[in-house]
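A quick write-up on the structure given underneath.
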Amino acid sequence: MNQAALNHLQALEAESIHIFREVAAECRKPVLLYSIGKDSSVMVRLAQKAFAPGRIPFPLLHIDTTYKFPEMIEFRDRFCREIGVQLIVHTNRRAIDDGANPHRLGTRACCGLLKTRALLDALEAGGFDAAFGGARRDEEKSRAKERILSFRDRFGQWDPKNQRPELWNLYNCRVNQGESIRVFPLSNWTEFDIWLYVYVENIPVVPLYFAQQRRVIQRGKALVLADHGDVLPWENPTLASCRMRSLGCVPCSGAIYSDAATVPDIIREILAFRRSERENRVIDYDQEGSMELKKREGYF
Amino acid sequence: MSSTPESLADFEHFVEQAVSKQLLRFFTAGSVDDGKSTLIGRLLYDAQAVYEDQLADVRKNTSVEGASAIDFAQLTDGLRAEREQGITIDVAYRFFSTVKRQFIIADTPGHEQYTRNMATGASTASLAVILIDARKGVLPQSRRHAFIASLLGVNHMVVAVNKMDLVEFSEQRFEEIRDHFSSFAALLQIKDICFVPISALHGDNIVHRSERMPWYSGPNLLGHLESVHIASDRNLTEMRFPVQYVIRTEDGFRGYAGYLASGILRLGDKVTILPSRATSYIKSLHAHGKEVEQVFPPMAVTVTLSDDVDVSRGAMLVHPLHAPRVAHTVDIRLVWMSERMLDLTSSFLIKHTTQTVRGNVRHVRYRVNINTLEKEPADHLALNDIGAVTLECQQPLFCDTYKRNAATGSMVLIDPITNETVGAGMITGIQADNLQLASDGSAGQPLSRQERVARRRHYPAVLWVGNNYHLQRELERMLFERGCLVHAIDEPIAPEYAAQLVGILSSAGLISIWSSLALGSAELENAVQMAENSTFILADDAVDPGSEPVAISVCKLLEDRGILFPPD
Ligand SMILES: Nc1nc2c(ncn2[C@@H]2O[C@H](COP(=O)(O)OP(=O)(O)O)[C@@H](O)[C@H]2O)c(=O)[nH]1
């Protein structure tokens, strides 16, 4: 290590580790929201480093909408077993039994029930007062002003006008009964940093991130994996080399055409074509400023 | 952004390069319509940190169509409510990188009612970019922006004189603004200021040299950001390690985790633990997933100690000779951030390093008029006011002044009922606790040399100036002003008593300055050797042929020899 100067990745790492420790020390009962994606994998690695050689002193929580890719669930179970963390899986059973699905409700209402509602319920059921999430400020315009510690009132709602100023590295973790905080240790990382870190730290990620020949359907702007969703009678899947740029629910995650089969390939790809990753998430197109609306309702 | 590495062999090299970049955090400040959003949009666009779909979004939002009609300002305009009002009202963070550096911009709003947001953005920045509209020149706001930067200890500043296209790229106009700004910036003690004439809208001097301002020979804005030297503005001499979290495992491991706030910590180092003042040695150091031999700030570290001592969160490991002050009462500069006023009845939770203690206001000393920078008497502070108050804490803080050590000199004030963050404080003075017998076991113990050295911040020394009596007086005063214990000796001393006298003066921790009237240099050197508790220094060794006064070069010599600690 270079004398008296951290490189940018180490500086980001130090900041994230500091945030993990601070929240673990000050909050009564934190939980890490684990979404199985690359950002979650990086978060878990940082949490491991923060508390090594001890164990991560909080559980992982996965909100399972039941619409996740099977590869994701398989990865999740193996990953959590291997690193020996406690995993809580929560599903909004009632909504699913009532037939909630994105085709019937539209993506907005579906996310509202299966993700946002489920998350709030799970946080309440577990009595968690702090939840770590993997969101980054570079993901989307309305995230650029998000605090590292973001406050939610007793209804889990976010009020952009009522966020606390964050100075230096002195985080105010205090909440009253029933209130909670969302904590974003990766706030200052970019997508590029995440992949660079995955590479240098050799962090396992879901294989869906890597390109291979898959059967796909082009639906409007979105490229959909045919082997996972419902293929409509008039659709004709074709074979193409593609990969997922971000992972979510099957109906709302588009693939991209790509030959990037390894982490270095992906990094090269990011450098070569510059499109922000959420573009492939169908949900953001619902409405102008839609991410912000979701956040106000309690979505991560 | 870097170009794409073609082969896998190139890739390793590329990663190495990408990883070894340094991070520069800066904040931008300007008044409404000075062109701040345009400038940031332009930097992101030119550094290719803007994605295609974001550009598409912006084209969609902009009423004027066409590829050339990219509204750079809209790239950075975030939340809906703000878009409606058309102004930026909160700190927004942006990211971009070049081949040389990785950047985080804290984009802060400029209006007076958002002083707290600017202070927030400045608190983590090493550099400030202050925007000035070339047509309007230096406004009261510009002074305020510079003041907030200096208040938060941002040592590097770039003044970007924007909209040069609207003043015919006039060199004279630029110089007027530069001189005007420099004249008050001098009062703020900002170490490094660079002035760049730009046009954010047209790209002049942003990433490329402007051909329309051939008279300007300085760097372009991005070039300066890439190369400005920010090497450790941190304090590397006075080790402070606030304990953040205690890690225990079933097999008996007990380590103390935290970030190294200042100084360097090595295996085997002796440390003092506050508040108990117990001492121990560093047995192991873990940082960023590896076992290492030394750590430096701001690394995330876990240490183990060689003794079984009582350490919990809020404790601080410190250098035994360079300890921070331990005090209940501190003077702070305060940025007040709450709609509820601060006055003598206010009480808080004070978060300082990893401790949170209760405290209250003992005295409101003054408010700074942030437009004239004058101090005004005050008995309260309102939202966005900057003032000076004296705080009294229920438990002692382990602290330094903010100027000396930002990590142990900063604090946030929290409302104990609503839990809101209501203020940001920077310690400017530390008051001695009231006279009382120490309760830590040191009462009645003799004062050690180390304690004296740590308090006075210098070692004893014996300095010989020959027959330069003027230098003797200059040095005495200069060292005195610096807080040293110092005494000039110019009456004849009998050689047979010299060793005894040197011994007494030195065990008192004093720097004595002897002229040839007192004693000859050979006899004095001999006496110092016999006394064994001091260092002999010849002022002559310092005289360099340069132009600076001799007394200053002697002081530097004392610093070089490790006798004087670096100034506050
Ligand atoms: N002529 C000219 N106009 C500029 C320049 N920079 C910004 N502007 C214009 O000034 C106005 C205010 O700019 P904006 O970036 O929104 O200012 P902000 O309020 O400081 O963020 C916009 O109409 C910009 O197009 C410049 O260098 N030259």
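Chains: A, B, ... in order of the structure tokens. Residues: from 1 per chain. Ligands: from 1, in order shown.
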Distance table requested - chain A against chain B, cut-off 7 Å, only C-alpha atoms: one row per qualifying residue with the closest atom pair and its distance in Å to one decimal, ordered by chain and rising residue number, as CSV.
```
residue,atom,partner,partner_atom,distance
A:Ala4,CA,B:Phe296,CA,5.7
A:Asn7,CA,B:Gln22,CA,4.8
A:His8,CA,B:Leu23,CA,4.8
A:Leu9,CA,B:Val19,CA,6.2
A:Ala14,CA,B:Ala300,CA,5.0
A:Ile17,CA,B:Ala300,CA,6.6
A:His18,CA,B:Ala300,CA,6.6
A:Arg21,CA,B:Tyr245,CA,6.4
A:Glu22,CA,B:Gln244,CA,6.7
A:Ala25,CA,B:Tyr245,CA,6.1
A:Lys49,CA,B:Gly289,CA,5.5
A:Phe51,CA,B:Ile247,CA,6.6
A:Gly54,CA,B:Thr249,CA,5.4
A:Arg137,CA,B:Tyr93,CA,6.9
A:Asp138,CA,B:Phe95,CA,6.8
A:Lys141,CA,B:Gly78,CA,5.3
A:Ser142,CA,B:Gly78,CA,5.0
A:Ala144,CA,B:Ala92,CA,5.0
A:Lys145,CA,B:Ala92,CA,4.3
A:Arg164,CA,B:Thr421,CA,5.9
A:Pro165,CA,B:Thr120,CA,6.4
A:Glu166,CA,B:Thr120,CA,6.1
A:Leu167,CA,B:Thr120,CA,5.1
A:Trp168,CA,B:Ser123,CA,5.2
A:Leu170,CA,B:Val412,CA,6.9
A:Asn172,CA,B:Thr421,CA,7.0
A:Arg174,CA,B:Asn419,CA,5.9
A:Val175,CA,B:Asn419,CA,6.5
A:Arg268,CA,B:Thr4,CA,5.9
A:Leu271,CA,B:Thr4,CA,6.2
A:Ala272,CA,B:Thr4,CA,6.4
A:Arg274,CA,B:Tyr51,CA,4.8
A:Arg275,CA,B:Tyr51,CA,4.5
A:Ser276,CA,B:Tyr51,CA,5.5
A:Gly289,CA,B:Arg80,CA,6.6
```
May I have the residues within 10 Å of ligand 1, computed using only C-alpha atoms and all ligand atoms, as a ChimeraX atom specification?
-> /B:28-42,71-74,76-77,86-88,107-110,131-134,161-167,197-204
Can you pull out every residue within 6 Å of region 29-43 of chain A, counting only C-alpha atoms, but drop anything in the same chain fewer than 5 positions away, and send it as a VMD selection string?
-> chain A and resid 58 to 62 128 to 134 205 247
Pick from B:Leu225, B:Ile504, B:Ala160, B:Val554, whichever lies nearest to Leu538 (chain B) using only C-alpha atoms |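 Once distances to Leu538 (chain B) are computed over only C-alpha atoms, the minimum belongs to B:Val554.
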Which residue gives the smallest distance to Glu211 (chain B) among B:Phe348, B:Phe169, B:Leu274, B:Thr115, with only C-alpha atoms counted?
-> B:Phe169
Name the residues in contact with Arg178 (chain B) at a cut-off of 10 Å, using only C-alpha atoms, excluding same-chain residues fewer than 5 positions from it; report them as a count of residues only.
-> 12
Please, which residues of region 409-497 of chain B, numbered as in this document, come out strand (DSSP E) from DSSP, as a VMD selection string?
-> chain B and resid 410 to 414 421 to 431 461 to 464 486 to 489
Which of region 13-223 of chain A counts as alpha helix (DSSP H) under DSSP, as a PyMOL selection string please?
-> chain A and resi 13-26+38-51+70-83+93-97+102-111+118-126+191-201
